[in-house]
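Source file: entry-v7.cif (mmCIF, C-alpha atoms and all ligand atoms)
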data_query
loop_
_atom_site.label_atom_id
_atom_site.label_comp_id
_atom_site.auth_asym_id
_atom_site.auth_seq_id
_atom_site.Cartn_x
_atom_site.Cartn_y
_atom_site.Cartn_z
CA MET K 1 17.79 21.34 -3.92
CA SER K 2 15.49 24.34 -3.99
CA THR K 3 12.59 22.62 -5.80
CA CYS K 4 12.60 19.32 -3.89
CA ILE K 5 9.49 18.98 -1.72
CA PHE K 6 11.26 16.91 0.94
CA CYS K 7 14.11 19.46 1.15
CA LYS K 8 11.46 22.13 1.68
CA ILE K 9 9.81 20.03 4.39
CA ALA K 10 13.16 19.42 6.13
CA ARG K 11 13.89 23.18 6.06
CA GLY K 12 10.43 24.00 7.45
CA GLU K 13 9.42 25.78 4.24
CA ALA K 14 6.54 23.38 3.49
CA ARG K 15 3.93 22.12 5.96
CA SER K 16 4.54 18.74 7.52
CA TRP K 17 3.48 16.75 10.58
CA LYS K 18 6.84 16.16 12.24
CA VAL K 19 7.37 13.13 14.44
CA TYR K 20 11.16 13.44 14.87
CA GLU K 21 14.03 15.80 14.06
CA ASP K 22 17.74 16.02 14.81
CA GLU K 23 20.65 17.77 13.09
CA SER K 24 20.73 15.38 10.13
CA VAL K 25 17.41 13.47 10.02
CA TYR K 26 13.74 14.49 9.74
CA ALA K 27 10.63 12.27 10.02
CA PHE K 28 7.03 13.17 9.27
CA LEU K 29 3.65 11.66 8.43
CA ASP K 30 3.07 10.66 4.81
CA ILE K 31 0.50 12.99 3.21
CA ASN K 32 -1.27 10.02 1.56
CA PRO K 33 -1.11 7.42 4.31
CA VAL K 34 -1.80 3.75 3.65
CA SER K 35 -2.23 3.21 7.41
CA GLU K 36 -2.28 5.31 10.59
CA TYR K 37 1.18 6.67 11.44
CA HIS K 38 2.54 5.90 7.95
CA THR K 39 5.82 7.80 8.33
CA LEU K 40 8.64 8.98 6.08
CA VAL K 41 12.19 9.22 7.43
CA ILE K 42 14.67 11.31 5.41
CA PRO K 43 18.18 12.72 5.62
CA LYS K 44 17.95 16.53 5.77
CA ALA K 45 20.61 16.73 3.06
CA HIS K 46 19.41 15.94 -0.45
CA TYR K 47 20.33 12.53 -1.84
CA GLU K 48 18.33 10.99 -4.62
CA ASN K 49 18.14 7.44 -3.30
CA ILE K 50 20.05 4.45 -1.93
CA PHE K 51 22.62 4.68 -4.72
CA ASP K 52 24.04 8.08 -3.82
CA VAL K 53 23.36 8.40 -0.09
CA PRO K 54 26.67 8.09 1.81
CA GLU K 55 26.80 5.19 4.23
CA HIS K 56 27.15 7.37 7.33
CA GLU K 57 23.99 9.32 6.40
CA LEU K 58 22.09 6.11 5.66
CA LEU K 59 23.05 4.74 9.08
CA ARG K 60 21.74 7.89 10.78
CA VAL K 61 18.44 7.61 8.92
CA MET K 62 18.12 3.93 9.76
CA ALA K 63 18.87 4.61 13.44
CA VAL K 64 15.86 6.97 13.46
CA VAL K 65 13.69 4.31 11.78
CA LYS K 66 14.59 2.04 14.70
CA LYS K 67 13.94 4.79 17.27
CA LEU K 68 10.50 5.49 15.81
CA VAL K 69 9.31 1.89 15.57
CA VAL K 70 10.26 1.43 19.23
CA LEU K 71 8.38 4.65 20.11
CA TYR K 72 5.34 3.52 18.09
CA ARG K 73 5.32 0.16 19.84
CA GLU K 74 5.64 1.73 23.30
CA ARG K 75 3.15 4.56 22.80
CA LEU K 76 0.73 3.10 20.28
CA GLY K 77 1.00 -0.68 20.63
CA ILE K 78 2.11 -1.02 17.00
CA ASN K 79 3.80 -4.43 16.70
CA HIS K 80 3.82 -4.94 12.93
CA VAL K 81 5.57 -2.65 10.46
CA GLN K 82 6.91 -2.72 6.94
CA ILE K 83 10.04 -0.66 6.24
CA ILE K 84 10.20 0.25 2.57
CA ASN K 85 12.65 2.12 0.38
CA SER K 86 12.15 2.50 -3.36
CA SER K 87 15.22 3.62 -5.31
CA GLY K 88 14.77 4.44 -8.98
CA ARG K 89 11.73 5.17 -11.13
CA GLU K 90 11.32 1.55 -12.21
CA ALA K 91 11.35 0.54 -8.55
CA GLN K 92 8.34 2.81 -8.01
CA GLN K 93 10.23 5.74 -6.49
CA ASP K 94 8.10 8.87 -6.91
CA VAL K 95 9.89 11.47 -4.78
CA PHE K 96 13.59 11.62 -5.59
CA HIS K 97 14.85 12.52 -2.12
CA MET K 98 15.91 9.35 -0.31
CA HIS K 99 13.35 8.12 2.21
CA PHE K 100 12.24 5.12 4.17
CA HIS K 101 8.57 4.43 4.69
CA ILE K 102 7.47 3.07 8.05
CA VAL K 103 4.11 1.43 7.35
CA PRO K 104 2.30 0.10 10.43
CA ARG K 105 0.32 -3.01 9.50
CA LYS K 106 -2.67 -4.88 10.95
CA ALA K 107 -4.39 -8.13 10.09
CA GLY K 108 -7.08 -7.52 7.51
CA ASP K 109 -5.96 -3.98 6.64
CA GLY K 110 -6.18 -4.79 2.94
CA GLN K 111 -2.67 -3.49 2.26
CA ASN K 112 -0.88 -6.75 1.53
CA VAL K 113 1.96 -6.40 -0.94
CA VAL K 114 1.68 -9.22 -3.48
CA TRP K 115 4.81 -10.31 -5.36
CA ARG K 116 4.76 -12.89 -8.12
CA THR K 117 7.51 -15.39 -7.33
CA HIS K 118 9.66 -17.41 -9.77
CA PRO K 119 10.97 -20.56 -8.07
CA GLU K 120 11.94 -21.89 -11.52
CA TRP K 121 14.74 -19.28 -11.60
CA ARG K 122 16.61 -21.27 -8.91
CA GLU K 123 18.36 -23.07 -11.78
CA LYS K 124 20.06 -19.75 -12.60
CA PHE K 125 21.34 -19.08 -9.08
CA ASP K 126 24.82 -20.63 -9.61
CA ALA K 127 25.43 -18.43 -12.66
CA MET K 128 23.98 -15.39 -10.93
CA VAL K 129 26.30 -15.70 -7.94
CA GLU K 130 29.23 -16.33 -10.30
CA ARG K 131 28.68 -12.98 -12.05
CA LEU K 132 29.42 -11.15 -8.81
CA LYS K 133 32.90 -12.64 -8.41
P1 LIG K 201 7.84 6.86 -3.00
O1 LIG K 201 6.79 6.38 -3.97
O2 LIG K 201 8.82 7.81 -3.66
O3 LIG K 201 8.50 5.76 -2.24
O4 LIG K 201 7.04 7.65 -1.87
C1 LIG K 201 6.80 9.00 -1.89
C2 LIG K 201 5.83 9.27 -0.76
O5 LIG K 201 5.86 10.64 -0.47
C3 LIG K 201 4.36 8.91 -1.09
O6 LIG K 201 3.89 7.96 -0.15
C4 LIG K 201 3.64 10.24 -0.99
O7 LIG K 201 2.36 10.12 -0.38
C5 LIG K 201 4.59 11.06 -0.12
N1 LIG K 201 4.53 12.49 -0.37
C6 LIG K 201 4.62 13.10 -1.58
N2 LIG K 201 4.57 14.44 -1.43
C7 LIG K 201 4.44 14.67 -0.10
C8 LIG K 201 4.33 15.86 0.68
O8 LIG K 201 4.33 16.98 0.18
N3 LIG K 201 4.20 15.71 2.03
C9 LIG K 201 4.21 14.49 2.61
N4 LIG K 201 4.08 14.44 3.94
N5 LIG K 201 4.32 13.34 1.92
C10 LIG K 201 4.43 13.43 0.57
ZN ZN K 202 15.56 17.00 -1.48
#
Any chance you could give the structure as structure tokens?
Amino acid sequence: MSTCIFCKIARGEARSWKVYEDESVYAFLDINPVSEYHTLVIPKAHYENIFDVPEHELLRVMAVVKKLVVLYRERLGINHVQIINSSGREAQQDVFHMHFHIVPRKAGDGQNVVWRTHPEWREKFDAMVERLK
């Protein structure tokens, strides 16, 4: 994809702060970090999101997520991370080249994700599971 910013970054055509690269995966610092070492891990090939990325590519990307969190723990003492993927506009995806965020977290960093929960929906669980059969 010639216009995709993450494709350009993976090809070295746009500036990035690389933390890892191999033949199929690229990882770099997020330009608008929510914490230090906020990192994006992408396949070099263009896939829009979790729905179209082939499983073997996804596994390669996830293996690099694992490699980096271990590196960050060893080198930086980071022991708390959130791994986030948004797939689809209504799921708050903004860049449509599949990526995982690694977001290092600390107590009191003010970045808590707050989800409204619906325990009353438990009464629908039987029917929900049934629909998948
Ligand atoms: P999304 O909302 O799609 O999950 O996340 C997109 C992320 O890409 C955002 O956190 C945003 O800061 C980051 N981003 C967007 N454009 C660029 C860019 O040109 N360079 C880098 N390093 N990050 C970018
Ligand atoms: Zn792309």
Name each residue within 10 Å of ligand LIG 201 (chain K), counting only C-alpha atoms and all ligand atoms, as number ranges by chain. K: 4-6, 8-9, 14-18, 27-34, 38-40, 49, 84-89, 91-101, 103
Once you add 8 Å to each side, what are the centre and edge lengths of the axis-aligned box holding all listed atoms of region 88-96 of chain K? One decimal in Å, as JSON, if you can.
{"center_x": 11.4, "center_y": 6.1, "center_z": -8.5, "size_x": 22.7, "size_y": 27.1, "size_z": 23.4}
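The space separating CA of Glu23 (chain K) from CA of Ile102 (chain K) comes to 20.4 Å.
Across the structure, CA of Arg122 (chain K) and CA of Ile50 (chain K) are spaced 26.9 Å apart.
Relative to CA of Val19 (chain K), CA of Val61 (chain K) is found at 13.5 Å.
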For Tyr20 (chain K), which of K:Lys44, K:Ser35, K:Gly77, K:Val64 is the closest residue, counting only C-alpha atoms? K:Val64
So which one's closest to ligand ZN 202 (chain K), K:Leu68, K:Leu59, K:Leu132, K:Val53? Using all atoms listed in the file, please. K:Val53
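For the choices K:Ala45, K:Ile83, K:Ala63, K:Val25, the atom-to-atom distance to ligand ZN 202 (chain K) is smallest for K:Ala45 when using only C-alpha atoms and all ligand atoms.
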